[in-house]
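So this block is coords_4.cif, mmCIF, C-alpha atoms:
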data_final
loop_
_atom_site.label_atom_id
_atom_site.label_comp_id
_atom_site.auth_asym_id
_atom_site.auth_seq_id
_atom_site.Cartn_x
_atom_site.Cartn_y
_atom_site.Cartn_z
CA MET A 8 0.00 0.00 0.00
CA THR A 9 1.68 3.17 -1.18
CA ASP A 10 -1.04 5.74 -0.55
CA THR A 11 -2.19 6.79 2.91
CA TYR A 12 -5.94 6.93 3.23
CA THR A 13 -7.45 9.66 5.38
CA PRO A 14 -11.06 8.75 6.24
CA PRO A 15 -13.55 11.55 5.61
CA LYS A 16 -15.71 12.85 8.41
CA VAL A 17 -18.75 11.21 6.80
CA TRP A 18 -18.29 8.19 4.57
CA THR A 19 -20.23 8.02 1.31
CA TRP A 20 -20.56 5.12 -1.09
CA GLN A 21 -18.41 5.47 -4.20
CA GLN A 22 -19.21 3.14 -7.07
CA PRO A 23 -17.61 1.06 -8.37
CA ASN A 24 -15.35 0.11 -5.47
CA GLY A 25 -13.37 -2.36 -7.57
CA GLY A 26 -12.51 -5.99 -7.21
CA GLN A 27 -14.32 -9.18 -8.03
CA PHE A 28 -17.78 -9.45 -6.47
CA SER A 29 -17.93 -5.71 -5.83
CA SER A 30 -21.42 -5.70 -7.34
CA THR A 31 -22.68 -7.94 -4.53
CA ASN A 32 -22.06 -5.30 -1.87
CA ARG A 33 -23.92 -2.11 -1.08
CA PRO A 34 -24.48 -0.11 2.12
CA ILE A 35 -28.26 -0.50 2.25
CA ALA A 36 -30.69 -3.38 2.64
CA GLY A 37 -33.96 -4.17 0.91
CA PRO A 38 -34.87 -5.29 -2.61
CA THR A 39 -33.74 -3.60 -5.81
CA HIS A 40 -36.36 -5.21 -8.02
CA GLU A 41 -39.52 -7.28 -7.94
CA LYS A 42 -39.00 -10.99 -8.50
CA ASP A 43 -40.92 -13.87 -6.98
CA LEU A 44 -39.10 -17.02 -5.93
CA PRO A 45 -39.97 -20.28 -7.70
CA VAL A 46 -41.51 -23.05 -5.59
CA GLY A 47 -41.12 -26.72 -6.39
CA LYS A 48 -42.88 -29.83 -5.17
CA HIS A 49 -40.73 -30.83 -2.21
CA PRO A 50 -41.04 -29.95 1.52
CA PHE A 51 -37.87 -27.86 1.49
CA GLN A 52 -37.13 -25.08 -0.95
CA LEU A 53 -33.51 -23.95 -0.96
CA TYR A 54 -32.38 -20.75 -2.65
CA SER A 55 -28.62 -20.68 -2.83
CA GLN A 56 -25.36 -20.80 -4.75
CA GLY A 57 -22.50 -23.25 -4.32
CA THR A 58 -20.25 -21.07 -2.17
CA PRO A 59 -18.92 -22.54 1.09
CA ASN A 60 -21.97 -21.23 2.96
CA GLY A 61 -24.30 -22.72 0.39
CA VAL A 62 -22.46 -26.06 0.41
CA LYS A 63 -23.12 -26.45 4.14
CA VAL A 64 -26.85 -26.76 3.54
CA THR A 65 -26.77 -28.93 0.41
CA VAL A 66 -24.39 -31.32 2.16
CA MET A 67 -26.73 -31.44 5.16
CA LEU A 68 -29.77 -32.17 3.00
CA GLU A 69 -27.94 -34.87 1.06
CA GLU A 70 -26.66 -36.42 4.32
CA LEU A 71 -30.23 -36.48 5.67
CA LEU A 72 -31.51 -38.17 2.53
CA ALA A 73 -28.67 -40.70 2.61
CA ALA A 74 -29.61 -41.51 6.22
CA GLY A 75 -33.20 -42.21 5.17
CA HIS A 76 -34.89 -39.02 6.35
CA ALA A 77 -37.76 -37.35 4.48
CA ALA A 78 -35.73 -34.28 3.57
CA GLU A 79 -36.43 -34.02 -0.15
CA TYR A 80 -35.72 -30.59 -1.50
CA ASP A 81 -35.68 -28.34 -4.51
CA ALA A 82 -32.51 -26.28 -4.87
CA TRP A 83 -32.86 -23.10 -6.91
CA LEU A 84 -29.82 -21.21 -8.13
CA ILE A 85 -29.42 -17.66 -6.85
CA ARG A 86 -26.73 -16.00 -8.94
CA ILE A 87 -25.27 -13.53 -6.50
CA GLY A 88 -23.08 -11.92 -9.17
CA ASP A 89 -26.27 -11.04 -11.07
CA GLY A 90 -27.99 -9.59 -8.00
CA ASP A 91 -30.63 -12.32 -7.63
CA GLN A 92 -30.32 -11.97 -3.86
CA PHE A 93 -31.78 -8.47 -4.10
CA GLY A 94 -35.05 -9.61 -5.66
CA SER A 95 -38.15 -9.01 -3.56
CA GLY A 96 -38.89 -12.70 -3.13
CA PHE A 97 -35.41 -13.50 -1.88
CA VAL A 98 -35.36 -10.52 0.47
CA ALA A 99 -38.63 -11.80 1.93
CA ALA A 100 -36.90 -15.14 2.57
CA ASN A 101 -33.73 -13.51 3.90
CA PRO A 102 -33.78 -9.79 4.75
CA ASN A 103 -29.99 -9.91 4.88
CA SER A 104 -29.83 -10.71 1.12
CA LYS A 105 -27.23 -13.44 1.56
CA ILE A 106 -27.37 -17.05 0.47
CA PRO A 107 -28.49 -19.57 1.56
CA ALA A 108 -32.17 -19.16 2.40
CA LEU A 109 -34.51 -22.05 3.15
CA MET A 110 -38.28 -22.14 3.05
CA ASP A 111 -39.69 -24.98 5.14
CA HIS A 112 -43.09 -26.12 3.82
CA THR A 113 -43.54 -29.03 6.22
CA GLY A 114 -46.08 -27.22 8.42
CA ASP A 115 -49.38 -25.49 7.88
CA SER A 116 -47.65 -22.42 6.46
CA PRO A 117 -44.14 -21.84 5.07
CA VAL A 118 -41.41 -20.92 7.53
CA ARG A 119 -38.28 -19.07 6.46
CA VAL A 120 -34.88 -19.96 7.88
CA PHE A 121 -31.82 -17.91 6.99
CA GLU A 122 -28.17 -17.94 8.03
CA SER A 123 -26.47 -21.24 7.25
CA GLY A 124 -25.85 -22.15 10.89
CA ALA A 125 -29.51 -21.60 11.73
CA ILE A 126 -30.56 -23.79 8.80
CA LEU A 127 -28.24 -26.59 9.91
CA LEU A 128 -29.54 -26.43 13.47
CA HIS A 129 -33.16 -26.28 12.28
CA LEU A 130 -32.74 -29.42 10.17
CA ALA A 131 -30.70 -31.29 12.78
CA GLU A 132 -33.35 -30.71 15.44
CA MET A 133 -36.25 -31.44 13.09
CA PHE A 134 -34.86 -34.84 12.08
CA ASP A 135 -32.91 -35.59 15.28
CA ALA A 136 -29.87 -36.24 13.11
CA PHE A 137 -26.24 -35.14 12.84
CA HIS A 138 -26.21 -33.65 16.27
CA SER A 139 -25.14 -34.87 19.66
CA ARG A 140 -27.28 -34.64 22.77
CA ASP A 141 -24.39 -35.57 25.04
CA ALA A 142 -21.95 -33.19 23.35
CA ARG A 143 -24.45 -30.46 22.48
CA PRO A 144 -22.47 -27.62 24.16
CA GLU A 145 -19.31 -28.68 22.31
CA MET A 146 -21.18 -29.02 19.02
CA LEU A 147 -22.81 -25.60 19.35
CA SER A 148 -19.55 -24.01 20.42
CA TRP A 149 -17.82 -25.18 17.26
CA LEU A 150 -20.81 -24.33 15.09
CA PHE A 151 -20.75 -20.76 16.36
CA TRP A 152 -16.96 -20.70 16.17
CA GLN A 153 -17.30 -21.28 12.45
CA MET A 154 -19.95 -18.60 12.02
CA GLY A 155 -17.73 -16.08 13.76
CA SER A 156 -14.39 -17.14 12.30
CA ALA A 157 -15.08 -17.75 8.61
CA PRO A 158 -15.67 -14.06 7.75
CA TYR A 159 -11.98 -13.48 8.58
CA LEU A 160 -11.06 -16.28 6.19
CA GLY A 161 -13.46 -15.35 3.38
CA GLY A 162 -14.15 -11.64 3.65
CA GLY A 163 -10.70 -10.99 5.06
CA PHE A 164 -8.00 -13.29 3.71
CA GLY A 165 -9.87 -14.51 0.62
CA HIS A 166 -10.91 -11.03 -0.42
CA PHE A 167 -7.50 -9.39 -0.18
CA TYR A 168 -5.49 -12.41 -1.38
CA ALA A 169 -7.68 -13.41 -4.33
CA TYR A 170 -10.26 -10.77 -5.21
CA ALA A 171 -9.11 -7.25 -4.34
CA PRO A 172 -8.16 -5.10 -7.35
CA GLU A 173 -4.57 -4.82 -6.10
CA LYS A 174 -2.28 -6.87 -3.85
CA TRP A 175 -1.72 -4.96 -0.60
CA ARG A 176 0.78 -6.43 1.83
CA TYR A 177 -0.76 -5.23 5.09
CA PRO A 178 -4.24 -6.81 4.80
CA ILE A 179 -2.93 -9.99 3.17
CA GLU A 180 -0.42 -10.57 5.97
CA ARG A 181 -2.91 -9.56 8.65
CA TYR A 182 -5.54 -12.03 7.47
CA ALA A 183 -3.05 -14.74 6.55
CA MET A 184 -1.90 -14.68 10.16
CA GLU A 185 -5.50 -15.05 11.34
CA ALA A 186 -6.29 -17.83 8.83
CA LYS A 187 -3.26 -19.78 10.03
CA ARG A 188 -4.19 -19.20 13.66
CA GLN A 189 -7.65 -20.62 12.96
CA LEU A 190 -6.17 -23.65 11.18
CA ASP A 191 -3.97 -24.21 14.23
CA VAL A 192 -7.02 -24.03 16.51
CA LEU A 193 -8.65 -26.77 14.45
CA ASP A 194 -5.48 -28.83 14.13
CA ARG A 195 -4.91 -28.92 17.87
CA HIS A 196 -8.53 -29.90 18.52
CA LEU A 197 -8.55 -32.61 15.85
CA ALA A 198 -5.33 -34.08 17.22
CA GLU A 199 -7.43 -35.38 20.12
CA ASN A 200 -10.84 -35.78 18.48
CA ASP A 201 -12.07 -37.63 15.41
CA TRP A 202 -14.81 -35.05 14.85
CA MET A 203 -15.47 -31.51 16.01
CA ALA A 204 -17.93 -32.60 18.71
CA GLY A 205 -15.85 -35.58 19.78
CA GLY A 206 -16.89 -39.02 18.61
CA ILE A 207 -19.74 -38.25 16.23
CA TYR A 208 -20.05 -36.48 12.87
CA THR A 209 -22.37 -33.51 13.39
CA ILE A 210 -23.48 -30.20 11.95
CA ALA A 211 -20.31 -28.70 13.45
CA ASP A 212 -18.27 -30.71 10.95
CA ILE A 213 -20.73 -29.95 8.17
CA ALA A 214 -20.44 -26.23 8.88
CA ILE A 215 -16.67 -26.07 9.18
CA TRP A 216 -15.67 -28.37 6.32
CA PRO A 217 -16.79 -26.23 3.33
CA TRP A 218 -14.49 -23.45 4.53
CA TYR A 219 -11.55 -24.97 6.37
CA GLY A 220 -11.74 -28.50 4.99
CA GLN A 221 -11.73 -27.26 1.42
CA LEU A 222 -8.95 -24.83 2.29
CA ALA A 223 -6.92 -27.79 3.60
CA LEU A 224 -7.68 -29.67 0.36
CA GLY A 225 -6.34 -26.77 -1.71
CA ARG A 226 -9.70 -25.71 -3.15
CA LEU A 227 -10.04 -22.18 -1.77
CA TYR A 228 -8.33 -19.13 -3.28
CA ASN A 229 -5.40 -21.19 -4.70
CA ALA A 230 -3.82 -20.46 -1.33
CA GLY A 231 -2.80 -23.93 -0.19
CA GLU A 232 0.93 -23.42 -0.73
CA PHE A 233 0.87 -19.83 0.53
CA LEU A 234 -0.73 -20.88 3.83
CA ASP A 235 1.20 -24.18 4.00
CA VAL A 236 -2.04 -26.05 4.61
CA ALA A 237 -0.30 -29.44 4.34
CA SER A 238 1.41 -28.76 7.66
CA TYR A 239 -1.97 -28.98 9.44
CA ARG A 240 -2.04 -32.75 9.21
CA ASN A 241 -4.98 -33.38 11.52
CA VAL A 242 -7.15 -30.90 9.62
CA SER A 243 -6.11 -32.48 6.32
CA GLU A 244 -6.96 -36.00 7.49
CA TRP A 245 -10.35 -34.87 8.81
CA ALA A 246 -11.03 -32.97 5.57
CA GLU A 247 -10.23 -36.02 3.45
CA ARG A 248 -12.56 -38.26 5.47
CA ILE A 249 -15.44 -35.86 5.00
CA ASP A 250 -14.61 -35.31 1.34
CA ALA A 251 -14.94 -39.06 0.72
CA ARG A 252 -18.54 -39.19 1.94
CA PRO A 253 -20.95 -39.72 -1.01
CA ALA A 254 -23.44 -37.19 0.35
CA VAL A 255 -20.70 -34.58 0.57
CA LYS A 256 -19.70 -35.23 -3.04
CA ARG A 257 -23.29 -34.68 -4.11
CA GLY A 258 -23.76 -31.64 -1.89
CA ARG A 259 -20.73 -29.94 -3.44
CA MET A 260 -22.33 -30.21 -6.87
CA VAL A 261 -25.64 -28.54 -6.08
CA ASN A 262 -25.99 -24.88 -7.15
CA ARG A 263 -22.33 -24.93 -8.20
CA THR A 264 -21.43 -22.58 -11.05
CA SER A 265 -17.66 -23.03 -11.39
CA GLY A 266 -15.21 -25.82 -12.03
CA GLU A 267 -15.76 -28.92 -14.12
CA PRO A 268 -19.17 -28.96 -15.88
CA ARG A 269 -19.69 -32.58 -14.77
CA GLU A 270 -19.53 -31.36 -11.16
CA GLN A 271 -22.05 -28.55 -11.62
CA LEU A 272 -25.73 -29.20 -10.91
CA HIS A 273 -27.18 -25.71 -11.16
CA GLU A 274 -30.59 -26.78 -9.88
CA ARG A 275 -31.56 -29.93 -8.05
CA HIS A 276 -35.16 -31.18 -8.03
CA ASP A 277 -34.71 -34.96 -7.93
CA ALA A 278 -32.01 -37.43 -6.93
CA SER A 279 -31.72 -38.50 -10.56
CA ASP A 280 -30.57 -34.98 -11.50
CA PHE A 281 -27.02 -35.89 -10.46
CA GLU A 282 -26.94 -38.39 -13.34
CA THR A 283 -28.95 -36.50 -15.93
CA ARG A 284 -28.87 -32.72 -15.33
CA THR A 285 -25.25 -31.74 -14.68
CA GLN A 286 -23.89 -29.05 -16.97
CA ASP A 287 -21.91 -31.45 -19.12
CA LYS A 288 -25.10 -33.43 -19.82
CA LEU A 289 -27.15 -30.30 -20.58
CA ALA A 290 -24.48 -29.03 -22.96
CA VAL A 291 -25.02 -31.96 -25.35
CA GLU A 292 -28.82 -31.92 -25.30
#
Take the structure from the file and write it as structure tokens.
Amino acid sequence: MTDTYTPPKVWTWQQPNGGQFSSTNRPIAGPTHEKDLPVGKHPFQLYSQGTPNGVKVTVMLEELLAAGHAAEYDAWLIRIGDGDQFGSGFVAANPNSKIPALMDHTGDSPVRVFESGAILLHLAEMFDAFHSRDARPEMLSWLFWQMGSAPYLGGGFGHFYAYAPEKWRYPIERYAMEAKRQLDVLDRHLAENDWMAGGIYTIADIAIWPWYGQLALGRLYNAGEFLDVASYRNVSEWAERIDARPAVKRGRMVNRTSGEPREQLHERHDASDFETRTQDKLAVE
């Protein structure tokens, strides 16, 4: 950083502010346009994109289905780069205009659930699955750890390392230090525990893996070498075990818009869609 910034007495929004995804941010809430959300046939309607926060919920739903629970869902793609999250229907589902948002149609009237951690907890309690009664305080502690920590990894390190219009040493080093500290927190815990809540795979693992597990697997920000993720051996082993789960493989595909076309299922309305509706299949129709 070569220029010193002197903050004005009153900040005003200057567009564009530069950098990838700059169009997704603005200093006000509320809708920018009228657009109803589609509604499918299943009890759960998910409106999301395959970012780490979105992956948490699609993995959870696929894990529930794999375990035999009646958690069928429609997953609708919300293209955050196009501003879909600012449509009136989405804002009604999530006034914070962030993915994911879930509409639960299992009762007499639809119930909205927003914030990925809240959605995971809602589903875990509804189906009495992927949570631990005995280790509930530990599970919730790690769930909320993730909700509080990941913004430093994504909005902090990821933004300045991968998406900011210029490479500035101070913020990259500041957030790299914090990302590595968080990896060390996880590595020390996983040295003595198979899973985040002890002996059982829970929503704490499902919440943390899309961020820190995929970072350990070299999938986030092309930063694996920079952060020396291989040195966090316990995190890497835990990440690989979760990555091998069939439901996790499916969950990573849903609402995904980048990477290999065969791994992108933009919308999911039936289990057969994984075989017939991925982007590589649609491209040859």
Legend entry - Residues within 12 Å of Ala230 (chain A), only C-alpha atoms, excluding chain neighbours under 3 positions, as a ChimeraX atom specification: /A:160-161,164-169,179,183,186-187,219,221-227,233-237
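Residue nearest Thr31 (chain A) within the list A:Ala73, A:Val17, A:Ala82, A:Ile87: A:Ile87 [criterion: smallest interatomic distance, all atoms listed in the file].
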Inset, instruction - Would you translate the PyMOL selection byres ((chain A and resi 92-104) around 10) into the concrete set of residues it matches in this file, as a count of residues only? - result: 33
Which residues fall under the PyMOL selection byres ((chain A and resi 208) around 10) in this file, as a short mmCIF file (atom, residue, chain, number, x, y, z; two decimals) with C-alpha atoms, in the frame of the given file?
data_model
loop_
_atom_site.label_atom_id
_atom_site.label_comp_id
_atom_site.auth_asym_id
_atom_site.auth_seq_id
_atom_site.Cartn_x
_atom_site.Cartn_y
_atom_site.Cartn_z
CA ALA A 136 -29.87 -36.24 13.11
CA PHE A 137 -26.24 -35.14 12.84
CA HIS A 138 -26.21 -33.65 16.27
CA SER A 139 -25.14 -34.87 19.66
CA MET A 146 -21.18 -29.02 19.02
CA ASP A 201 -12.07 -37.63 15.41
CA TRP A 202 -14.81 -35.05 14.85
CA MET A 203 -15.47 -31.51 16.01
CA ALA A 204 -17.93 -32.60 18.71
CA GLY A 205 -15.85 -35.58 19.78
CA GLY A 206 -16.89 -39.02 18.61
CA ILE A 207 -19.74 -38.25 16.23
CA THR A 209 -22.37 -33.51 13.39
CA ILE A 210 -23.48 -30.20 11.95
CA ALA A 211 -20.31 -28.70 13.45
CA ASP A 212 -18.27 -30.71 10.95
CA ILE A 213 -20.73 -29.95 8.17
CA ILE A 249 -15.44 -35.86 5.00
#
Inset, instruction - For the structure shown, which residues end up in the PyMOL selection byres ((chain A and resi 123) around 7)? Put them as a list of chain:residue names, please? - result: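 With the PyMOL selection byres ((chain A and resi 123) around 7) on this model, the match is A:Asn60, A:Lys63, A:Val64, A:Pro107, A:Phe121, A:Glu122, A:Gly124, A:Ala125, A:Ile126, A:Leu127.
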Since we have the selection now, will you write its residues out, keeping C-alpha atoms, as a PDB file, in the frame of the given file?
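Done, and the output landed in part13.pdb:
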ATOM      1  CA  ASN A  60     -21.970 -21.230   2.960  1.00  0.00           C
ATOM      2  CA  LYS A  63     -23.120 -26.450   4.140  1.00  0.00           C
ATOM      3  CA  VAL A  64     -26.850 -26.760   3.540  1.00  0.00           C
ATOM      4  CA  PRO A 107     -28.490 -19.570   1.560  1.00  0.00           C
ATOM      5  CA  PHE A 121     -31.820 -17.910   6.990  1.00  0.00           C
ATOM      6  CA  GLU A 122     -28.170 -17.940   8.030  1.00  0.00           C
ATOM      7  CA  GLY A 124     -25.850 -22.150  10.890  1.00  0.00           C
ATOM      8  CA  ALA A 125     -29.510 -21.600  11.730  1.00  0.00           C
ATOM      9  CA  ILE A 126     -30.560 -23.790   8.800  1.00  0.00           C
ATOM     10  CA  LEU A 127     -28.240 -26.590   9.910  1.00  0.00           C
TER      11      LEU A 127
END
Inset, instruction - Skip region 270-284 of chain A itself and residues of its chain fewer than 5 positions away, then list as a VMD selection string all residues within 8 Å of it, counting only C-alpha atoms. - result: chain A and resid 47 80 to 84 257 259 to 265 289
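If all atoms listed in the file are the atoms counted, then among A:Phe151, A:Trp20, A:Tyr159, A:Trp245 the closest residue to Glu185 (chain A) is A:Tyr159.
Going from CA of Pro217 (chain A) to CA of Gly266 (chain A) covers 15.4 Å.
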Legend entry - Option closest in space to Ser148 (chain A), from A:Met184, A:Ala171, A:Ile215, A:Ala131 [counting only C-alpha atoms]: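 Going through A:Met184, A:Ala171, A:Ile215, A:Ala131 one by one, the smallest distance to Ser148 (chain A) is for A:Ile215.
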As JSON, please: the centre and edge lengths in Å, to one decimal, of an axis-aligned box enclosing every listed atom of region 209-223 of chain A with 4 Å added on each side.
{"center_x": -15.2, "center_y": -28.5, "center_z": 7.4, "size_x": 24.6, "size_y": 18.1, "size_z": 20.0}
Inset, instruction - Enter the distance from CA of Pro268 (chain A) to CA of Thr285 (chain A), in Å, rounded to one decimal. - result: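 Interatomic distance, CA of Pro268 (chain A) to CA of Thr285 (chain A): 6.8 Å.
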Legend entry - Counting all atoms listed in the file, the option among A:Thr58, A:Asn229, A:Asn200, A:Gln52 closest to Ala78 (chain A):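 Going through A:Thr58, A:Asn229, A:Asn200, A:Gln52 one by one, the smallest distance to Ala78 (chain A) is for A:Gln52.
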